[in-house]
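Visitor: Quick one: this structure, given as structure tokens, is what I'll be asking you about.
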Amino acid sequence: MGQSLTSAPSNIALIKYMGKIHKEGNIPTNSSLSYTLEHLRTYVEIEKSKSTDTWELLNGSAYFPFAMSARGREKFLEHFQFLKNKWSISESFILRSANNFPADSGIASSASSFAALTLAAANLFEKINPQTWGNDVSELSRLSQRGSGSSCRSFFSPWSIWSEEGAQPLSLPQNSLHHLVIVPETASKKVSSSEAHLRVTHSSLFPGRAQRAQLRLEKLITGLRGHQWKDCFQIVWDEFIDMHQLFKHCPEPFDYRTEMSESILVKLQNLWRSQGDGPLVTMDAGSSIHLLLRPEQKELALLLKKEYSLLCPVWSSL
Ligand code: DP6
């Protein structure tokens with residue numbers, strides 16, 4: 001059977017998935033909402049092998065080299081085995097993957113990696129042993145969720161809502177936002193997001209977290225539908241602060257924010273104060289700051305890109 005090359009995008013959550021009811025299957029404590037980052041993608045190629053399943057870096061001038069950690073490789077191969085079992089596939093394969101963005105850029109690559117792996121495996125396995133559900137995007141999203149929770153949202157674009165029924169597309173008026181990610185620190189993070197999910201459930205601020213996230217989710221959807229950009233900025237801001245406060249109030253506290261990220265956040269707040277307008281601002285489980293801007297804010301997006309590029313790496317859709 002021939003090779004297949006498939007890609008999937010990353011996504012940025014505005015209402016965060018943080019905390020799991022069950023580790024098995026990555027069942028989240030609350031619903032989340034994300035914007036799909038079409039320009040930041042993982043590519044996966046699968047080739048038949050005579051020995052066991054292995055992972056290699058996919059070579060190509062469009063990709064950024066990266067070293068997958070031993071644990072990362074193990075999770076990737078475990079998920080592949082899970083998919084093989086689903087399709088009753090017994091052959092062995094070489095998996096090759098790479099991102100079109102630098103792995104040290106603070107962009108969560110697990111969403112795009114696991115979505116791309118699930119899609120690539122489905123494409124290939126459907127040729128070997130087709131299933132009635134094998135091309136169903138919702139089913140593939142659910143399968144991908146088992147590998148890494150946030151990846152289930154990458155199957156829908158531009159907006160994806162992940163609730164108890166799984167991820168699904170959400171129609172909102174903003175369908176072509178500019179995206180910038182400012183990366184104050186390129187060293188790999190000390191606490192992985194999987195570890196963060198475990199620790200936050202013991203945070204003194206965890207009681208009420210699901211209700212807070214749900215309320216913000218409803219308000220954000222209303223705000224986006226009503227083009228209330230300033231309200232949306234405040235909701236998205238409060239949401240990531242809430243998540244980072246959970247981290248700080250764990251029995252084993254941890255903090256991703258650095259002096260540089262703090263000073264950039266202050267600049268962004270000042271921008272909003274002086275202009276009454278600006279980007280949506282959010283942070284994941286890392287020190288990177290993600291900005292989303294409306295199409296007509298292109299000039300501001302380019303300005304911010306120029307300004308922050310003087311301080312640290314910036315990766316953008318512009
Ligand atoms: C902070 O999807 O990386 O980015 O399910 O354990 O693989 P696992 O976690 P992961 O968590 C991402 C958490 C987040 C917020 C979000 O994307 O919603």
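If you're wondering about the labels, chains in the structure tokens are A, B, ... by order shown, residues count from 1 in each chain, ligands from 1 in order shown.
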Kindly compile the residues surrounding ligand 1 within 9 Å, counting only C-alpha atoms and all ligand atoms, and format them as JSON, numbers by chain.

Guide: {"A": [11, 12, 13, 14, 15, 16, 17, 18, 19, 20, 23, 25, 26, 27, 28, 31, 32, 33, 34, 107, 108, 109, 110, 111, 114, 145, 146, 147, 148, 149, 150, 151, 152, 153, 192, 193, 194, 195, 196, 197, 198, 240, 243, 283, 284, 285, 286]}

Visitor: For the residues in the current selection, export N, CA and C atoms as a CSV table (one decimal), in the first residue's frame.

Guide:
chain,number,residue,atom,x,y,z
A,11,ASN,N,-5.0,24.9,16.6
A,11,ASN,CA,-6.1,25.8,17.0
A,11,ASN,C,-5.8,26.5,18.3
A,12,ILE,N,-6.4,27.7,18.5
A,12,ILE,CA,-6.2,28.4,19.7
A,12,ILE,C,-7.5,28.5,20.5
A,13,ALA,N,-7.5,28.1,21.7
A,13,ALA,CA,-8.7,28.1,22.5
A,13,ALA,C,-8.9,29.5,23.1
A,14,LEU,N,-10.1,30.0,23.0
A,14,LEU,CA,-10.5,31.3,23.7
A,14,LEU,C,-11.2,31.0,25.0
A,15,ILE,N,-11.9,29.9,25.0
A,15,ILE,CA,-12.4,29.3,26.3
A,15,ILE,C,-11.7,28.0,26.4
A,16,LYS,N,-11.0,27.8,27.5
A,16,LYS,CA,-9.9,26.8,27.6
A,16,LYS,C,-10.5,25.4,28.1
A,17,TYR,N,-9.9,24.4,27.5
A,17,TYR,CA,-10.0,23.0,28.0
A,17,TYR,C,-8.9,22.9,29.1
A,18,MET,N,-9.3,22.9,30.3
A,18,MET,CA,-8.3,22.7,31.4
A,18,MET,C,-8.9,21.9,32.5
A,19,GLY,N,-8.4,20.7,32.7
A,19,GLY,CA,-9.0,19.8,33.7
A,19,GLY,C,-9.8,18.8,33.0
A,20,LYS,N,-9.6,17.5,33.5
A,20,LYS,CA,-10.4,16.4,32.9
A,20,LYS,C,-11.2,15.7,33.9
A,23,LYS,N,-9.1,10.9,32.7
A,23,LYS,CA,-7.9,11.0,31.9
A,23,LYS,C,-8.1,10.1,30.6
A,25,GLY,N,-9.5,8.8,27.6
A,25,GLY,CA,-10.4,9.4,26.6
A,25,GLY,C,-10.4,10.9,26.6
A,26,ASN,N,-9.6,11.5,27.5
A,26,ASN,CA,-9.5,13.0,27.6
A,26,ASN,C,-10.9,13.7,27.7
A,27,ILE,N,-11.7,13.3,28.7
A,27,ILE,CA,-13.0,13.9,28.9
A,27,ILE,C,-12.9,15.2,29.7
A,28,PRO,N,-13.2,16.3,29.1
A,28,PRO,CA,-12.9,17.6,29.7
A,28,PRO,C,-14.0,18.0,30.8
A,31,SER,N,-16.7,22.8,28.6
A,31,SER,CA,-16.7,23.0,27.1
A,31,SER,C,-15.7,24.0,26.8
A,32,SER,N,-15.2,24.0,25.5
A,32,SER,CA,-14.2,25.0,25.1
A,32,SER,C,-14.5,25.4,23.7
A,33,LEU,N,-14.0,26.6,23.4
A,33,LEU,CA,-14.2,27.2,22.0
A,33,LEU,C,-12.9,27.6,21.4
A,34,SER,N,-12.6,27.3,20.2
A,34,SER,CA,-11.3,27.6,19.6
A,34,SER,C,-11.5,28.2,18.2
A,107,ILE,N,3.8,27.2,20.3
A,107,ILE,CA,2.5,26.9,19.7
A,107,ILE,C,2.2,25.5,20.0
A,108,ALA,N,1.1,25.2,20.7
A,108,ALA,CA,0.8,23.8,21.1
A,108,ALA,C,0.7,23.0,19.8
A,109,SER,N,1.7,22.1,19.6
A,109,SER,CA,1.6,21.4,18.3
A,109,SER,C,0.9,20.1,18.5
A,110,SER,N,0.5,19.7,19.7
A,110,SER,CA,-0.2,18.4,19.9
A,110,SER,C,-1.6,18.4,19.2
A,111,ALA,N,-2.2,19.6,19.2
A,111,ALA,CA,-3.5,19.6,18.5
A,111,ALA,C,-3.4,19.3,17.0
A,114,PHE,N,-1.9,15.4,16.5
A,114,PHE,CA,-2.8,14.3,16.6
A,114,PHE,C,-4.0,14.3,15.6
A,145,GLN,N,-9.5,12.9,19.8
A,145,GLN,CA,-9.6,13.4,21.2
A,145,GLN,C,-8.9,12.5,22.2
A,146,ARG,N,-9.0,11.2,21.9
A,146,ARG,CA,-8.3,10.2,22.7
A,146,ARG,C,-6.8,10.4,22.8
A,147,GLY,N,-6.3,10.8,21.6
A,147,GLY,CA,-4.8,11.0,21.6
A,147,GLY,C,-4.4,12.3,22.3
A,148,SER,N,-5.1,13.4,22.0
A,148,SER,CA,-4.8,14.6,22.6
A,148,SER,C,-6.1,15.4,22.5
A,149,GLY,N,-6.7,15.9,23.7
A,149,GLY,CA,-8.0,16.5,23.8
A,149,GLY,C,-8.2,17.6,22.8
A,150,SER,N,-7.3,18.6,22.8
A,150,SER,CA,-7.5,19.8,22.0
A,150,SER,C,-7.5,19.5,20.5
A,151,SER,N,-6.9,18.3,20.1
A,151,SER,CA,-6.9,18.0,18.6
A,151,SER,C,-8.3,17.8,18.0
A,152,CYS,N,-9.3,17.5,18.9
A,152,CYS,CA,-10.6,17.2,18.3
A,152,CYS,C,-11.2,18.5,17.7
A,153,ARG,N,-10.7,19.6,18.2
A,153,ARG,CA,-11.3,20.9,17.7
A,153,ARG,C,-10.7,21.3,16.3
A,192,SER,N,4.1,20.1,31.3
A,192,SER,CA,3.3,19.9,30.1
A,192,SER,C,1.9,20.2,30.3
A,193,SER,N,1.1,20.4,29.2
A,193,SER,CA,-0.3,20.7,29.4
A,193,SER,C,-1.1,19.4,30.0
A,194,SER,N,-0.6,18.2,29.6
A,194,SER,CA,-1.2,17.0,30.2
A,194,SER,C,-1.0,17.0,31.7
A,195,GLU,N,0.2,17.4,32.2
A,195,GLU,CA,0.4,17.5,33.6
A,195,GLU,C,-0.4,18.6,34.2
A,196,ALA,N,-0.5,19.7,33.5
A,196,ALA,CA,-1.3,20.8,34.1
A,196,ALA,C,-2.8,20.4,34.3
A,197,HIS,N,-3.3,19.6,33.3
A,197,HIS,CA,-4.7,19.1,33.5
A,197,HIS,C,-4.9,18.3,34.8
A,198,LEU,N,-3.9,17.6,35.1
A,198,LEU,CA,-3.9,16.8,36.4
A,198,LEU,C,-3.8,17.6,37.6
A,240,PHE,N,-8.2,33.5,30.2
A,240,PHE,CA,-6.9,32.9,30.4
A,240,PHE,C,-6.2,33.3,31.7
A,243,MET,N,-7.4,30.6,34.0
A,243,MET,CA,-6.6,29.4,33.9
A,243,MET,C,-5.3,29.5,34.6
A,283,MET,N,-3.5,33.4,26.3
A,283,MET,CA,-2.3,32.6,26.5
A,283,MET,C,-2.7,31.1,26.8
A,284,ASP,N,-2.0,30.2,26.3
A,284,ASP,CA,-2.2,28.8,26.6
A,284,ASP,C,-1.4,28.4,27.8
A,285,ALA,N,-1.1,27.1,28.0
A,285,ALA,CA,-0.2,26.6,29.0
A,285,ALA,C,1.3,26.8,28.6
A,286,GLY,N,1.6,28.1,28.6
A,286,GLY,CA,3.0,28.5,28.2
A,286,GLY,C,3.1,30.0,28.3

Visitor: Can you tell me which residues surround range 291-294 of chain A at a distance of at most 8 Å, considering only C-alpha atoms, apart from same-chain residues fewer than 2 positions away, and format the answer as number ranges by chain?

Guide: A: 174, 176-181, 278-282, 289, 296-298, 301

Visitor: Could those residues be written to a file, using N, CA and C atoms, as an mmCIF file, in the first residue's frame?

Guide:
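Wrote again.cif, looks like this:
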data_model
loop_
_atom_site.group_PDB
_atom_site.id
_atom_site.type_symbol
_atom_site.label_atom_id
_atom_site.label_comp_id
_atom_site.auth_asym_id
_atom_site.auth_seq_id
_atom_site.Cartn_x
_atom_site.Cartn_y
_atom_site.Cartn_z
ATOM 1 N N GLN A 174 -17.195 36.143 12.565
ATOM 2 C CA GLN A 174 -15.761 36.402 12.336
ATOM 3 C C GLN A 174 -15.111 35.157 11.727
ATOM 4 N N SER A 176 -12.436 35.237 9.243
ATOM 5 C CA SER A 176 -11.052 35.315 8.727
ATOM 6 C C SER A 176 -10.253 36.322 9.562
ATOM 7 N N LEU A 177 -9.911 35.876 10.756
ATOM 8 C CA LEU A 177 -9.160 36.737 11.679
ATOM 9 C C LEU A 177 -7.661 36.647 11.394
ATOM 10 N N HIS A 178 -6.933 37.733 11.689
ATOM 11 C CA HIS A 178 -5.465 37.683 11.642
ATOM 12 C C HIS A 178 -4.979 37.080 12.959
ATOM 13 N N HIS A 179 -3.925 36.298 12.888
ATOM 14 C CA HIS A 179 -3.380 35.678 14.108
ATOM 15 C C HIS A 179 -1.894 35.949 14.253
ATOM 16 N N LEU A 180 -1.509 36.317 15.468
ATOM 17 C CA LEU A 180 -0.084 36.496 15.784
ATOM 18 C C LEU A 180 0.201 35.717 17.060
ATOM 19 N N VAL A 181 1.334 35.057 17.114
ATOM 20 C CA VAL A 181 1.752 34.485 18.404
ATOM 21 C C VAL A 181 3.127 35.041 18.744
ATOM 22 N N GLY A 278 -8.511 46.913 19.938
ATOM 23 C CA GLY A 278 -7.252 46.165 19.927
ATOM 24 C C GLY A 278 -7.508 44.712 19.593
ATOM 25 N N PRO A 279 -6.521 43.839 19.822
ATOM 26 C CA PRO A 279 -6.709 42.426 19.501
ATOM 27 C C PRO A 279 -7.360 41.658 20.653
ATOM 28 N N LEU A 280 -7.929 40.496 20.357
ATOM 29 C CA LEU A 280 -8.263 39.544 21.424
ATOM 30 C C LEU A 280 -6.934 38.969 21.868
ATOM 31 N N VAL A 281 -6.751 38.794 23.174
ATOM 32 C CA VAL A 281 -5.461 38.343 23.715
ATOM 33 C C VAL A 281 -5.682 37.080 24.543
ATOM 34 N N THR A 282 -4.885 36.061 24.292
ATOM 35 C CA THR A 282 -4.992 34.856 25.127
ATOM 36 C C THR A 282 -3.641 34.162 25.264
ATOM 37 N N ILE A 289 1.996 34.554 23.813
ATOM 38 C CA ILE A 289 0.776 35.368 23.805
ATOM 39 C C ILE A 289 0.183 35.335 22.402
ATOM 40 N N GLU A 296 -10.224 44.122 9.247
ATOM 41 C CA GLU A 296 -9.954 45.566 9.064
ATOM 42 C C GLU A 296 -8.883 46.088 10.022
ATOM 43 N N GLN A 297 -8.410 45.256 10.926
ATOM 44 C CA GLN A 297 -7.318 45.665 11.829
ATOM 45 C C GLN A 297 -5.954 45.225 11.280
ATOM 46 N N LYS A 298 -5.884 44.992 9.996
ATOM 47 C CA LYS A 298 -4.648 44.471 9.395
ATOM 48 C C LYS A 298 -3.442 45.383 9.668
ATOM 49 N N ALA A 301 -2.311 44.905 13.094
ATOM 50 C CA ALA A 301 -1.675 43.584 13.213
ATOM 51 C C ALA A 301 -0.229 43.660 12.712
#

Visitor: When you look at Tyr63 in chain A with a cut-off of 6 Å (counting only C-alpha atoms), what residues show up, excluding the ones that are within fewer than 6 positions of it in the same chain? I need them as a PyMOL selection string.

Guide: chain A and resi 98-100

Visitor: Give the answer as one residue: which of A:Pro102, A:Leu318, A:Met68, A:Leu57 has the shortest atom-to-atom distance to Val183 in chain A, using only C-alpha atoms?

Guide: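 Answer, going by the shortest atom-to-atom distance: A:Pro102.
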
Visitor: If you run DSSP on the backbone here, which positions in range 56-146 of chain A get strand (DSSP E or B)? Please write them as a PyMOL selection string.

Guide: chain A and resi 56-57+64+92-99

Visitor: Excluding range 76-90 of chain A and any residue of its chain fewer than 6 positions from it, enumerate the residues within 12 Å of it, using only C-alpha atoms, and give them as a ChimeraX atom specification.

Guide: /A:25,44,46,48-56,68-70,96-97,110-134,139-140,142-148

Visitor: Which residues of range 170-221 of chain A sit at most 10 Å from range 261-275 of chain A, using only C-alpha atoms? Give each one's shortest atom pair and distance in Å (one decimal place), in chain and ascending residue order, as JSON lines.

Guide:
{"residue": "A:Ile182", "atom": "CA", "partner": "A:Ser261", "partner_atom": "CA", "distance": 8.6}
{"residue": "A:Val183", "atom": "CA", "partner": "A:Ser261", "partner_atom": "CA", "distance": 8.3}
{"residue": "A:Pro184", "atom": "CA", "partner": "A:Ser261", "partner_atom": "CA", "distance": 6.1}
{"residue": "A:Glu185", "atom": "CA", "partner": "A:Ser261", "partner_atom": "CA", "distance": 8.7}

Visitor: Just to confirm, what's the straight-line distance from CA of Leu170 in chain A to CA of Thr29 in chain A in Å (one decimal)?

Guide: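 For CA of Leu170 in chain A relative to CA of Thr29 in chain A, the distance reads 19.9 Å.
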
Visitor: Measure the distance from CA of Ala103 in chain A to CA of Ser138 in chain A in Å and round it to one decimal.

Guide: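 The value is 27.6 Å.
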
Visitor: Quick one: pick out all helix (DSSP H, G or I) residues within range 110-274 of chain A from a backbone DSSP run and write them as JSON, numbers by chain.

Guide: {"A": [110, 111, 112, 113, 114, 115, 116, 117, 118, 119, 120, 121, 122, 123, 124, 125, 126, 127, 128, 137, 138, 139, 140, 141, 142, 143, 144, 145, 146, 147, 149, 150, 151, 152, 153, 154, 155, 193, 194, 195, 196, 197, 198, 199, 200, 209, 210, 211, 212, 213, 214, 215, 216, 217, 218, 219, 220, 221, 222, 223, 224, 225, 229, 230, 231, 232, 233, 234, 235, 236, 237, 238, 239, 240, 241, 242, 243, 244, 245, 246, 247, 248, 259, 260, 261, 262, 263, 264, 265, 266, 267, 268, 269, 270, 271, 272, 273, 274]}

Visitor: When you count only C-alpha atoms, which of these residues is closest to Ala210 in chain A: A:Ile21, A:Ile235, A:Lys306, A:Gly276?

Guide: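 For Ala210 in chain A, the nearest of the given residues is A:Ile21.
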
Visitor: Leaving out Leu246 in chain A and any residue of its chain fewer than 2 positions from it, which residues lie within 8 Å of it when counting only C-alpha atoms, given as a VMD selection string?

Guide: chain A and resid 200 203 to 206 242 to 244 248 to 250

Visitor: Output N, CA, C and O atoms of each residue in that selection to a file, as a tab-separated table (two decimals), in the first residue's frame.

Guide:
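That gives us selection_22.tsv:
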chain	number	residue	atom	x	y	z
A	200	VAL	N	-4.41	20.92	38.03
A	200	VAL	CA	-5.44	21.94	38.30
A	200	VAL	C	-6.65	21.41	39.07
A	200	VAL	O	-7.29	22.17	39.79
A	203	SER	N	-6.43	22.40	42.46
A	203	SER	CA	-6.27	23.84	42.72
A	203	SER	C	-7.40	24.32	43.62
A	203	SER	O	-8.55	23.87	43.48
A	204	SER	N	-7.07	25.24	44.55
A	204	SER	CA	-8.12	25.77	45.44
A	204	SER	C	-9.16	26.56	44.65
A	204	SER	O	-10.25	26.81	45.13
A	205	LEU	N	-8.83	26.96	43.41
A	205	LEU	CA	-9.78	27.72	42.58
A	205	LEU	C	-10.56	26.82	41.62
A	205	LEU	O	-11.36	27.31	40.84
A	206	PHE	N	-10.30	25.50	41.66
A	206	PHE	CA	-10.97	24.60	40.70
A	206	PHE	C	-12.48	24.49	40.94
A	206	PHE	O	-13.25	24.46	39.97
A	242	ASP	N	-7.96	33.37	34.47
A	242	ASP	CA	-8.58	32.36	35.33
A	242	ASP	C	-7.75	31.07	35.27
A	242	ASP	O	-7.39	30.49	36.30
A	243	MET	N	-7.41	30.63	34.04
A	243	MET	CA	-6.65	29.39	33.90
A	243	MET	C	-5.27	29.52	34.57
A	243	MET	O	-4.84	28.62	35.29
A	244	HIS	N	-4.61	30.65	34.35
A	244	HIS	CA	-3.27	30.82	34.95
A	244	HIS	C	-3.35	30.97	36.47
A	244	HIS	O	-2.42	30.58	37.17
A	248	LYS	N	-1.49	28.76	39.65
A	248	LYS	CA	-0.80	29.37	40.80
A	248	LYS	C	-1.35	28.87	42.13
A	248	LYS	O	-0.69	28.99	43.14
A	249	HIS	N	-2.61	28.39	42.11
A	249	HIS	CA	-3.23	27.98	43.37
A	249	HIS	C	-3.32	26.46	43.51
A	249	HIS	O	-4.22	25.94	44.16
A	250	CYS	N	-2.38	25.76	42.87
A	250	CYS	CA	-2.30	24.30	43.03
A	250	CYS	C	-1.44	23.98	44.24
A	250	CYS	O	-0.59	24.78	44.61
